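One file, coords-v9.txt, carrying compact mmCIF, C-alpha atoms and all ligand atoms:
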```
# COMPACT_ATOMS: atom_id res chain seq x y z
CA MET A 1 215.10 69.17 198.15
CA ASN A 2 218.38 67.33 197.67
CA GLU A 3 220.22 65.01 195.30
CA THR A 4 217.86 62.08 196.10
CA HIS A 5 215.02 63.96 194.34
CA ASP A 6 216.98 64.59 191.13
CA PRO A 7 214.59 63.48 188.36
CA SER A 8 217.49 62.40 186.16
CA LEU A 9 218.61 59.72 188.65
CA GLN A 10 218.30 56.18 187.32
CA SER A 11 218.88 52.89 189.06
CA TRP A 12 220.75 49.75 188.07
CA VAL A 13 217.47 48.03 189.02
CA GLU A 14 216.03 48.40 185.53
CA SER A 15 212.36 48.04 186.55
CA ALA A 16 212.74 51.22 188.61
CA ASN A 17 213.36 53.32 185.49
CA SER A 18 209.98 53.06 183.78
CA ALA A 19 208.29 56.46 183.52
CA ASP A 20 204.96 55.44 185.02
CA GLY A 21 206.17 53.16 187.83
CA ASP A 22 205.36 53.79 191.48
CA PHE A 23 208.78 53.01 192.90
CA PRO A 24 211.60 54.80 191.07
CA ILE A 25 214.85 55.60 192.89
CA GLN A 26 213.37 58.96 193.95
CA ASN A 27 210.68 57.22 196.07
CA LEU A 28 212.28 54.54 198.31
CA PRO A 29 209.30 53.83 200.60
CA PHE A 30 209.54 51.50 203.60
CA GLY A 31 207.42 48.40 204.22
CA ILE A 32 207.27 45.08 206.05
CA PHE A 33 207.55 42.03 203.83
CA SER A 34 208.03 38.30 204.17
CA ARG A 35 209.28 35.85 201.60
CA ARG A 36 206.54 33.46 200.58
CA SER A 37 208.89 30.47 200.57
CA GLY A 38 212.43 29.48 201.42
CA GLU A 39 214.33 29.24 204.67
CA GLU A 40 213.69 32.78 205.85
CA THR A 41 209.97 33.63 205.96
CA ARG A 42 209.82 35.97 208.96
CA ARG A 43 208.73 39.58 208.62
CA LYS A 44 211.47 42.01 207.68
CA VAL A 45 211.97 45.67 206.86
CA GLY A 46 212.22 46.40 203.14
CA VAL A 47 212.52 49.34 200.78
CA ALA A 48 210.72 49.24 197.42
CA ILE A 49 212.73 49.83 194.23
CA GLY A 50 211.03 49.05 190.92
CA ASP A 51 209.55 45.56 191.22
CA GLN A 52 212.12 44.56 193.86
CA ILE A 53 212.46 44.91 197.63
CA VAL A 54 215.76 45.77 199.32
CA ASP A 55 216.09 43.52 202.37
CA VAL A 56 217.48 46.17 204.71
CA ALA A 57 219.01 43.80 207.26
CA VAL A 58 220.89 41.88 204.55
CA ALA A 59 222.05 45.07 202.84
CA ALA A 60 223.15 46.46 206.21
CA ALA A 61 225.24 43.38 206.93
CA SER A 62 227.28 44.05 203.80
CA GLY A 63 228.02 47.60 204.89
CA THR A 64 225.60 49.63 202.74
CA TRP A 65 225.18 52.26 205.47
CA THR A 66 227.69 54.10 207.64
CA GLY A 67 227.52 56.69 210.42
CA SER A 68 224.05 57.75 211.62
CA ALA A 69 222.51 55.91 208.64
CA ALA A 70 223.89 52.66 210.08
CA GLU A 71 221.89 53.38 213.26
CA VAL A 72 218.74 53.57 211.14
CA ALA A 73 219.66 50.27 209.49
CA ALA A 74 220.16 48.76 212.95
CA ALA A 75 216.67 49.97 213.91
CA ALA A 76 215.37 48.11 210.87
CA SER A 77 216.18 44.68 212.24
CA GLY A 78 212.72 44.08 213.73
CA GLN A 79 209.41 42.86 212.31
CA SER A 80 207.72 46.27 212.18
CA LEU A 81 208.75 49.81 211.29
CA ASN A 82 208.19 51.19 214.80
CA ALA A 83 211.85 51.36 215.85
CA LEU A 84 212.85 52.88 212.53
CA MET A 85 210.04 55.45 212.81
CA GLN A 86 211.60 56.70 216.05
CA CYS A 87 214.86 57.60 214.35
CA SER A 88 215.67 61.27 213.99
CA PRO A 89 214.65 62.93 210.73
CA GLY A 90 218.33 63.78 210.18
CA SER A 91 219.53 60.18 210.38
CA LEU A 92 216.65 59.04 208.16
CA ARG A 93 217.78 61.57 205.55
CA GLU A 94 221.30 60.20 205.73
CA PHE A 95 219.96 56.64 205.34
CA ARG A 96 218.02 57.65 202.24
CA ALA A 97 220.97 59.50 200.72
CA GLN A 98 223.30 56.51 201.14
CA LEU A 99 220.69 54.06 199.81
CA SER A 100 220.06 56.30 196.81
CA ARG A 101 223.79 56.30 196.03
CA ALA A 102 224.00 52.50 196.36
CA LEU A 103 221.05 51.96 194.01
CA GLU A 104 222.07 54.61 191.50
CA LYS A 105 223.11 53.46 188.06
CA SER A 106 226.69 54.64 188.39
CA ALA A 107 227.20 52.96 191.79
CA GLY A 108 230.30 50.82 191.88
CA SER A 109 229.67 47.51 190.16
CA GLU A 110 230.85 45.71 193.27
CA THR A 111 228.20 47.41 195.45
CA ALA A 112 225.54 46.73 192.83
CA SER A 113 226.36 43.09 192.27
CA ARG A 114 226.64 42.40 196.01
CA MET A 115 223.26 43.95 196.63
CA GLN A 116 221.71 42.31 193.59
CA THR A 117 222.79 38.82 194.54
CA THR A 118 222.01 38.94 198.26
CA ALA A 119 219.68 41.79 199.25
CA LEU A 120 217.01 42.02 196.53
CA VAL A 121 213.72 40.13 196.83
CA PRO A 122 211.23 40.19 193.92
CA MET A 123 207.91 41.71 195.02
CA ALA A 124 206.22 38.81 193.21
CA GLU A 125 207.76 36.42 195.77
CA ALA A 126 206.83 38.41 198.87
CA ASP A 127 203.78 39.08 201.03
CA MET A 128 203.28 42.56 202.43
CA HIS A 129 202.04 43.32 205.94
CA VAL A 130 200.71 46.22 207.97
CA PRO A 131 203.90 48.30 208.22
CA ALA A 132 203.79 49.17 211.92
CA GLU A 133 202.40 47.92 215.18
CA ILE A 134 199.76 50.60 215.31
CA GLY A 135 199.05 51.52 218.90
CA ASP A 136 196.31 54.01 218.17
CA TYR A 137 194.39 54.98 215.07
CA THR A 138 192.55 58.27 214.61
CA ASP A 139 190.41 59.27 211.66
CA PHE A 140 189.89 62.93 210.76
CA TYR A 141 187.30 64.60 208.53
CA ALA A 142 189.50 67.13 206.76
CA SER A 143 187.73 67.52 203.40
CA ILE A 144 185.23 70.37 203.54
CA TYR A 145 183.69 69.04 200.32
CA HIS A 146 183.08 65.62 201.88
CA ALA A 147 181.77 67.17 205.10
CA THR A 148 179.42 69.43 203.15
CA ASN A 149 178.17 66.71 200.78
CA VAL A 150 177.52 64.27 203.61
CA GLY A 151 176.04 66.98 205.82
CA ARG A 152 173.63 67.98 203.05
CA LEU A 153 172.24 64.44 202.88
CA PHE A 154 171.31 64.56 206.54
CA ARG A 155 170.71 68.31 207.06
CA PRO A 156 169.79 69.94 203.72
CA ASP A 157 169.37 73.38 205.29
CA ASN A 158 172.49 73.27 207.42
CA PRO A 159 175.08 70.99 205.78
CA LEU A 160 178.23 72.19 207.53
CA LEU A 161 178.21 72.26 211.30
CA PRO A 162 179.41 75.52 212.92
CA ASN A 163 182.59 74.01 214.41
CA TYR A 164 183.95 72.72 211.11
CA LYS A 165 186.09 75.70 210.03
CA HIS A 166 187.57 76.11 213.51
CA VAL A 167 188.46 72.62 214.70
CA PRO A 168 189.87 69.59 212.82
CA ILE A 169 187.12 67.04 213.53
CA GLY A 170 188.13 63.45 214.22
CA TYR A 171 187.26 60.30 216.12
CA HIS A 172 189.28 57.53 217.67
CA GLY A 173 189.18 54.43 215.50
CA ARG A 174 190.39 50.93 216.24
CA ALA A 175 193.88 49.64 215.46
CA SER A 176 193.26 45.89 215.83
CA SER A 177 191.21 45.60 212.64
CA ILE A 178 193.65 47.43 210.37
CA VAL A 179 194.62 45.01 207.60
CA PRO A 180 197.07 45.12 204.68
CA THR A 181 196.09 45.42 201.05
CA GLY A 182 194.64 42.21 199.60
CA THR A 183 192.91 41.11 202.80
CA ARG A 184 189.29 40.10 202.21
CA VAL A 185 186.73 42.20 204.04
CA THR A 186 183.82 40.35 205.59
CA ARG A 187 180.54 42.20 205.29
CA PRO A 188 179.71 43.24 208.85
CA ARG A 189 176.55 42.33 210.68
CA GLY A 190 175.04 44.95 212.87
CA GLN A 191 172.03 46.72 214.25
CA THR A 192 170.16 49.00 211.87
CA HIS A 193 166.89 50.86 211.88
CA PRO A 194 165.63 50.71 208.28
CA SER A 195 162.08 51.81 209.00
CA GLU A 196 161.13 54.61 211.38
CA ASN A 197 157.92 52.89 212.42
CA GLU A 198 159.45 49.47 213.07
CA PRO A 199 161.87 48.28 215.72
CA PRO A 200 165.56 47.98 214.79
CA VAL A 201 166.87 44.75 213.25
CA PHE A 202 170.18 42.85 213.35
CA GLY A 203 171.80 41.44 210.21
CA PRO A 204 174.33 41.93 207.41
CA SER A 205 174.84 45.56 206.44
CA LYS A 206 172.98 46.48 203.24
CA LEU A 207 174.75 49.81 202.74
CA LEU A 208 178.44 48.90 202.68
CA ASP A 209 180.75 51.67 201.46
CA TYR A 210 184.43 52.58 201.21
CA GLU A 211 186.19 55.86 202.05
CA ALA A 212 189.34 56.86 200.14
CA GLU A 213 191.80 58.45 202.55
CA VAL A 214 195.47 59.17 203.10
CA GLY A 215 197.10 57.85 206.28
CA PHE A 216 199.96 59.45 208.21
CA PHE A 217 202.28 57.42 210.40
CA VAL A 218 203.64 59.17 213.47
CA GLY A 219 207.43 59.13 213.68
CA GLN A 220 208.93 60.52 216.87
CA GLY A 221 206.24 60.87 219.50
CA ASN A 222 205.48 63.55 222.07
CA SER A 223 205.37 63.13 225.83
CA LEU A 224 202.06 63.06 227.64
CA GLY A 225 201.13 66.63 228.51
CA GLN A 226 203.48 68.16 225.90
CA PRO A 227 201.73 69.67 222.87
CA VAL A 228 203.48 69.90 219.48
CA PRO A 229 203.86 73.43 218.01
CA ILE A 230 202.55 73.70 214.46
CA ASP A 231 205.98 74.37 212.96
CA GLU A 232 207.37 71.23 214.60
CA ALA A 233 204.46 69.00 213.61
CA GLU A 234 205.91 67.60 210.39
CA GLY A 235 209.01 66.51 212.27
CA HIS A 236 206.70 64.04 214.01
CA ILE A 237 205.23 62.60 210.79
CA PHE A 238 207.20 59.67 209.37
CA GLY A 239 205.29 59.18 206.13
CA VAL A 240 202.09 58.39 204.31
CA CYS A 241 200.09 55.46 202.96
CA ILE A 242 196.60 55.00 201.46
CA VAL A 243 193.71 54.04 203.74
CA ASN A 244 190.30 52.54 202.95
CA ASP A 245 188.00 53.30 205.87
CA TRP A 246 185.30 50.72 205.05
CA SER A 247 181.98 52.02 206.37
CA ALA A 248 178.58 50.41 206.93
CA ARG A 249 176.25 53.37 206.37
CA ASP A 250 173.11 51.74 207.75
CA ILE A 251 174.85 50.76 210.99
CA GLN A 252 176.45 54.21 211.14
CA ALA A 253 173.15 56.10 210.69
CA TRP A 254 171.57 54.30 213.65
CA GLU A 255 174.51 54.25 216.08
CA TYR A 256 176.39 57.51 215.49
CA GLN A 257 174.47 59.84 217.79
CA PRO A 258 175.58 61.04 220.26
CA LEU A 259 179.12 59.61 220.38
CA GLY A 260 180.13 59.15 216.72
CA PRO A 261 181.25 56.15 214.65
CA PHE A 262 181.68 52.81 216.42
CA LEU A 263 180.85 49.42 214.89
CA ALA A 264 180.08 50.95 211.47
CA LYS A 265 183.81 51.50 211.01
CA ASN A 266 185.88 49.16 213.12
CA PHE A 267 185.21 45.85 211.33
CA ALA A 268 188.06 46.54 208.86
CA THR A 269 190.36 49.32 207.69
CA THR A 270 192.72 48.55 204.80
CA VAL A 271 196.14 50.19 204.37
CA SER A 272 198.57 50.17 201.48
CA PRO A 273 201.79 48.52 202.66
CA TRP A 274 204.46 51.00 201.51
CA VAL A 275 205.09 54.11 203.60
CA LEU A 276 206.32 57.05 201.52
CA THR A 277 208.53 59.25 203.68
CA MET A 278 207.89 62.96 204.10
CA GLU A 279 211.28 63.49 202.49
CA ALA A 280 210.17 61.67 199.32
CA LEU A 281 207.12 63.97 199.16
CA GLU A 282 209.16 67.20 199.22
CA PRO A 283 208.87 67.95 195.47
CA PHE A 284 205.08 67.69 195.72
CA ARG A 285 204.24 70.09 198.52
CA ALA A 286 201.45 72.60 197.96
CA PRO A 287 199.83 75.52 199.74
CA ALA A 288 197.24 74.79 202.39
CA PHE A 289 193.56 75.15 201.43
CA PHE A 290 192.87 78.71 200.33
CA ARG A 291 190.35 80.07 202.80
CA PRO A 292 187.99 82.43 201.02
CA ALA A 293 187.03 85.77 202.52
CA GLY A 294 184.59 85.17 205.32
CA ASP A 295 186.17 81.94 206.51
CA PRO A 296 187.75 82.30 209.95
CA ARG A 297 191.52 82.29 210.27
CA PRO A 298 192.75 79.22 212.10
CA LEU A 299 193.33 79.87 215.80
CA PRO A 300 196.96 80.79 216.53
CA TYR A 301 197.99 77.27 217.62
CA LEU A 302 196.90 75.97 214.17
CA ARG A 303 198.39 78.81 212.16
CA SER A 304 201.83 79.28 210.62
CA ASP A 305 203.09 80.96 207.47
CA ARG A 306 205.11 77.92 206.53
CA ASP A 307 202.12 75.60 206.87
CA ARG A 308 199.88 78.01 204.94
CA ASP A 309 202.42 78.25 202.08
CA ALA A 310 203.52 74.61 201.81
CA GLY A 311 201.56 72.48 204.31
CA GLY A 312 199.54 70.69 201.65
CA ILE A 313 200.53 67.64 199.60
CA ASP A 314 199.58 67.34 195.95
CA LEU A 315 198.83 63.62 196.06
CA THR A 316 196.26 62.30 193.60
CA LEU A 317 194.07 59.52 194.94
CA GLU A 318 192.09 57.27 192.61
CA VAL A 319 189.39 54.73 193.39
CA TYR A 320 188.56 51.77 191.15
CA ILE A 321 185.84 49.16 191.45
CA ARG A 322 185.75 45.66 189.97
CA THR A 323 182.75 43.41 190.51
CA GLY A 324 182.75 39.64 190.35
CA ILE A 325 181.05 39.80 186.93
CA MET A 326 183.71 42.23 185.68
CA ARG A 327 186.44 39.92 186.96
CA ASP A 328 184.90 36.89 185.25
CA ALA A 329 184.54 38.85 181.99
CA GLY A 330 188.18 39.93 182.15
CA LEU A 331 187.21 43.61 182.45
CA ARG A 332 189.68 45.98 184.02
CA PRO A 333 188.81 47.81 187.25
CA HIS A 334 186.69 50.88 186.53
CA ARG A 335 187.75 54.24 187.94
CA VAL A 336 184.96 55.90 189.91
CA SER A 337 186.79 58.92 191.31
CA GLN A 338 189.98 60.94 191.36
CA ALA A 339 190.79 63.59 193.99
CA SER A 340 193.73 65.53 195.38
CA LEU A 341 194.88 65.65 198.97
CA SER A 342 195.75 69.32 198.39
CA ASP A 343 192.00 70.10 198.44
CA MET A 344 191.74 69.24 202.15
CA TYR A 345 190.64 72.04 204.48
CA TRP A 346 193.19 71.02 207.14
CA THR A 347 196.85 70.14 206.60
CA PRO A 348 198.57 67.08 208.09
CA ALA A 349 200.51 69.41 210.44
CA GLN A 350 197.28 71.02 211.67
CA MET A 351 195.78 67.59 212.31
CA LEU A 352 198.81 66.40 214.28
CA THR A 353 199.14 69.63 216.25
CA HIS A 354 195.44 69.64 217.07
CA HIS A 355 195.62 65.97 218.15
CA ALA A 356 198.41 66.76 220.60
CA SER A 357 197.09 70.18 221.63
CA ASN A 358 195.45 68.87 224.79
CA GLY A 359 198.60 67.00 225.79
CA CYS A 360 197.57 63.71 224.16
CA ASN A 361 200.73 61.70 223.53
CA LEU A 362 201.23 60.35 220.02
CA ARG A 363 203.56 57.39 219.73
CA PRO A 364 205.79 56.08 216.93
CA GLY A 365 203.70 53.90 214.65
CA ASP A 366 200.38 55.57 215.52
CA LEU A 367 198.27 56.18 212.44
CA PHE A 368 196.00 59.09 211.71
CA ALA A 369 193.99 59.33 208.51
CA SER A 370 192.78 62.37 206.62
CA GLY A 371 189.12 61.47 206.32
CA THR A 372 187.52 60.89 202.94
CA VAL A 373 189.45 62.80 200.28
CA SER A 374 186.84 64.57 198.15
CA GLY A 375 187.27 67.62 195.94
CA PRO A 376 184.82 70.12 194.49
CA GLU A 377 183.93 68.07 191.36
CA PRO A 378 181.39 65.22 191.34
CA SER A 379 184.13 63.01 189.86
CA SER A 380 186.31 63.68 192.92
CA GLN A 381 183.95 62.30 195.58
CA GLY A 382 185.74 59.64 197.60
CA CYS A 383 182.90 57.37 198.75
CA LEU A 384 179.65 55.90 197.41
CA LEU A 385 177.57 57.79 199.98
CA GLU A 386 178.48 60.98 198.12
CA LEU A 387 178.64 59.55 194.58
CA THR A 388 175.16 58.00 194.77
CA ARG A 389 173.57 60.57 197.14
CA ARG A 390 173.07 57.86 199.75
CA GLY A 391 171.68 55.43 197.19
CA ALA A 392 169.28 57.86 195.49
CA GLU A 393 171.33 57.46 192.30
CA SER A 394 173.57 54.69 191.05
CA ILE A 395 176.86 54.25 189.25
CA ARG A 396 176.87 52.51 185.86
CA LEU A 397 179.75 50.05 185.37
CA PRO A 398 181.32 48.81 182.10
CA SER A 399 179.68 45.41 182.70
CA GLY A 400 176.25 47.04 182.51
CA GLU A 401 175.78 46.62 186.26
CA ASP A 402 174.67 49.42 188.56
CA ARG A 403 175.88 50.10 192.07
CA LYS A 404 174.49 52.17 194.90
CA PHE A 405 176.52 50.40 197.60
CA LEU A 406 178.94 47.45 197.56
CA LEU A 407 177.80 43.88 196.89
CA ASP A 408 179.65 40.70 197.87
CA GLY A 409 182.48 40.01 195.44
CA ASP A 410 183.09 43.70 194.72
CA GLU A 411 186.71 44.75 194.89
CA ILE A 412 187.80 48.30 195.72
CA ILE A 413 191.27 49.34 194.59
CA MET A 414 192.80 52.68 195.61
CA ARG A 415 196.00 54.11 194.17
CA GLY A 416 197.88 57.28 194.98
CA TYR A 417 200.53 59.04 192.96
CA LEU A 418 202.43 62.32 192.90
CA GLU A 419 203.36 64.04 189.65
CA ARG A 420 204.84 67.43 188.99
CA GLU A 421 206.85 69.17 186.27
CA GLY A 422 210.54 68.83 187.06
CA ALA A 423 210.14 65.88 189.43
CA ALA A 424 210.10 62.12 189.00
CA ARG A 425 206.62 60.62 189.37
CA ILE A 426 206.23 58.48 192.48
CA GLY A 427 203.33 56.30 193.62
CA THR A 428 201.94 54.63 196.70
CA GLY A 429 201.10 51.21 195.29
CA GLU A 430 197.69 49.68 195.84
CA CYS A 431 195.27 49.63 198.74
CA ALA A 432 192.85 46.89 197.70
CA GLY A 433 190.22 44.67 199.27
CA GLN A 434 187.37 42.43 198.17
CA VAL A 435 184.07 42.22 200.01
CA VAL A 436 182.95 38.72 201.02
CA ALA A 437 179.62 37.63 202.41
CA ALA A 438 178.80 37.91 206.08
CA PRO A 439 179.01 34.55 207.86
CA SER A 440 175.68 32.72 207.76
CA ARG A 441 175.20 33.12 211.51
MN MN A 501 186.76 57.97 207.39
```

What does the file become when written as structure tokens?
Amino acid sequence: MNETHDPSLQSWVESANSADGDFPIQNLPFGIFSRRSGEETRRKVGVAIGDQIVDVAVAAASGTWTGSAAEVAAAASGQSLNALMQCSPGSLREFRAQLSRALEKSAGSETASRMQTTALVPMAEADMHVPAEIGDYTDFYASIYHATNVGRLFRPDNPLLPNYKHVPIGYHGRASSIVPTGTRVTRPRGQTHPSENEPPVFGPSKLLDYEAEVGFFVGQGNSLGQPVPIDEAEGHIFGVCIVNDWSARDIQAWEYQPLGPFLAKNFATTVSPWVLTMEALEPFRAPAFFRPAGDPRPLPYLRSDRDRDAGGIDLTLEVYIRTGIMRDAGLRPHRVSQASLSDMYWTPAQMLTHHASNGCNLRPGDLFASGTVSGPEPSSQGCLLELTRRGAESIRLPSGEDRKFLLDGDEIIMRGYLEREGAARIGTGECAGQVVAAPSR
């Protein structure tokens, strides 16, 4: 950790100093924003501070960054974070250190007033976008609780498949349908097989679900054919966001064998727009999952003392639901679950190293997600499939409504935050989306 993590740091941006905010000066996540009106409405690189966005290109023009940090600022002149994600971890650290000093309360009044008058954009006047041009998207399955709960629904006698504790399971998802928070999600149509004795049918999914996940953006890539050693893996991770892997369970149940998820998943995936850097997460690192006696050790390529001791991230992920009736009645979103990323069986480094272990090349801006983040408690289950036992039970909402799966008008809001004694609380911001009806034909 370094001076940018100091919990006593305050910013001259007053909204950054509230105790429960997501974006204090210790966070400084990157995103792609555009002003909603005015002369300049193209997409730009920004950094969140309180309820404001630092327009990096404008701040760079007035000399906020020098040395290798200025190279990072120069890489932030495009309309996505890809070029910036390729910068070396060292220069990104320098960029963050210099930005922290410029935003700090005791920064020279000249620096502050210059930045305040030219480089700050209120979040309320900006739209946020998918932060990178995502070349490839991979979804893992790293929660042993989720894998066991879901497995039990389909195979009561044999919930966890024999490969699970040896190999980080994943599938290749689709990048084109990744959307930013706030984008409406159209209920997918698809082929399902509701009755064993009848032929399959085609129509709107009746079992629409969400999956609460954490996403990892790849920073510097690896060359085709060149694996990434486990102790170098985190050097290839730029940062994290929240991911909602919307899932149509009825389509999934019919199509998934033998090749895995396909159209049940790729109709929409929502991401939160701010990318928290691995450096910002340093105060919140945790041991990897504790493997009880009897569990196999990871194979050597997935094993390292450093990863075992501090490869986890103690990020709390919450899921809220708000139905149309709740919205009309002015009811607040209702929390349905709360889980920690530190309960995952596989660490981010193990996922990345495994992904590249066959020589697969990961590229800057690629996204891989953790899989549904579920913990051991019923209140920590990160999708409705688990919470309602595939619709056998239902959730009671403050409006008096019940839910087994999502109905049109339902809104799912996910929020992540990191809290620890001796550190400033930081948050991810929202990953939200509202379900709308399938088109009539
Ligand atoms: Mn998933």

Legend entry - ligand MN 501 (chain A) neighbours within 12 Å using only C-alpha atoms and all ligand atoms, as JSON, numbers by chain: {"A": [137, 138, 139, 140, 141, 142, 143, 146, 147, 150, 169, 170, 171, 172, 173, 174, 209, 210, 211, 212, 213, 214, 215, 242, 243, 244, 245, 246, 247, 248, 249, 252, 260, 261, 262, 264, 265, 266, 268, 269, 270, 368, 369, 370, 371, 372, 373, 374, 382, 383, 385]}

Inset, instruction - Write out as a PyMOL selection string the residues lying within 6 Å of segment 415-423 of chain A, counting only C-alpha atoms and excluding same-chain residues fewer than 2 positions away. - result: chain A and resi 7+315-318+425-430

Legend entry - Shell around segment 11-25 of chain A at 9 Å using only C-alpha atoms, local window under 5 positions removed, as a PyMOL selection string: chain A and resi 4-5+48-52+100+102-107+112+116+416-417+424-429

Can you build me a table of segment 330-399 of chain A residues sitting at most 10 Å from segment 278-286 of chain A, with the closest atom pair per residue and its distance in Å to one decimal, using only C-alpha atoms, sorted by chain and residue number, as CSV?
```
residue,atom,partner,partner_atom,distance
A:Leu341,CA,A:Ala286,CA,9.6
A:Ser342,CA,A:Ala286,CA,6.6
A:Asp343,CA,A:Ala286,CA,9.8
```

Inset, instruction - Using all atoms listed in the file, find the one residue out of A:Ile251, A:Ile178, A:Ala339, A:Ala57 that sits nearest to Leu207 of chain A. - result: A:Ile251

Inset, instruction - Fewer than 6 positions away in the same chain doesn't count, so skip those; otherwise give me all residues within 9 Å of Val336 of chain A, counting all atoms listed in the file, as a ChimeraX atom specification. - result: /A:318-321,379-382,387,395

Inset, instruction - Do a neighbour search on Arg36 of chain A at 7 Å with all atoms listed in the file, toss out local chain neighbours closer than 3 positions, and write the hits as a PyMOL selection string. - result: chain A and resi 41+125-127

Legend entry - Between atom CA of Pro122 of chain A and atom CA of Glu39 of chain A - distance in Å to one decimal: 15.7 Å

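Going from atom CA of Phe289 of chain A to atom CA of Cys241 of chain A covers 20.8 Å.
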
Show which residues sit within 8 Å of Pro348 of chain A, as a short mmCIF file (atom, residue, chain, number, x, y, z; two decimals) with C-alpha atoms, keeping the file's coordinate frame. Count all atoms listed in the file, and ignore same-chain residues fewer than 3 positions away.
```
data_model
loop_
_atom_site.label_atom_id
_atom_site.label_comp_id
_atom_site.auth_asym_id
_atom_site.auth_seq_id
_atom_site.Cartn_x
_atom_site.Cartn_y
_atom_site.Cartn_z
CA PHE A 216 199.96 59.45 208.21
CA GLU A 234 205.91 67.60 210.39
CA GLY A 311 201.56 72.48 204.31
CA GLY A 312 199.54 70.69 201.65
CA MET A 351 195.78 67.59 212.31
CA LEU A 352 198.81 66.40 214.28
CA SER A 370 192.78 62.37 206.62
#
```

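In this model, the gap between atom CA of Leu92 of chain A and atom CA of Thr181 of chain A comes to 25.7 Å.
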
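Among the candidates A:Phe202, A:Phe267, A:Phe290, A:Phe33, the residue lying nearest to Ala310 of chain A is A:Phe290 (atoms considered: all atoms listed in the file).
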
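Using all atoms listed in the file, the shortest contact distance between Glu133 of chain A and any of A:Ala83, A:Ala119, A:Val228, A:Val240 is found at A:Ala83.
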
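For the choices A:His236, A:His193, A:Arg101, A:Arg291, the atom-to-atom distance to Thr277 of chain A is smallest for A:His236 when using all atoms listed in the file.
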
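Of the listed residues (A:Gly135, A:Thr64, A:Glu71, A:Gly433), A:Thr64 comes nearest to Arg114 of chain A; the distances count only C-alpha atoms.
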
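If only C-alpha atoms are the atoms counted, then among A:Met128, A:Leu161, A:Ala432, A:Leu407 the closest residue to Arg35 of chain A is A:Met128.
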
Expected axis-aligned box over every listed atom of segment 402-408 of chain A, 6 Å added per side, centre plus edges in Å to one decimal, as lines of an AutoDock Vina configuration file:
```
center_x = 177.1
center_y = 46.4
center_z = 193.2
size_x = 17.2
size_y = 23.5
size_z = 21.3
```

Inset, instruction - Select all residues near (222.0, 42.5, 205.6) (cut-off 10 Å, inclusive, file coordinates), counting all atoms listed in the file, and output them as JSON, numbers by chain. - result: {"A": [54, 55, 56, 57, 58, 59, 60, 61, 62, 63, 64, 73, 74, 77, 115, 118, 119]}
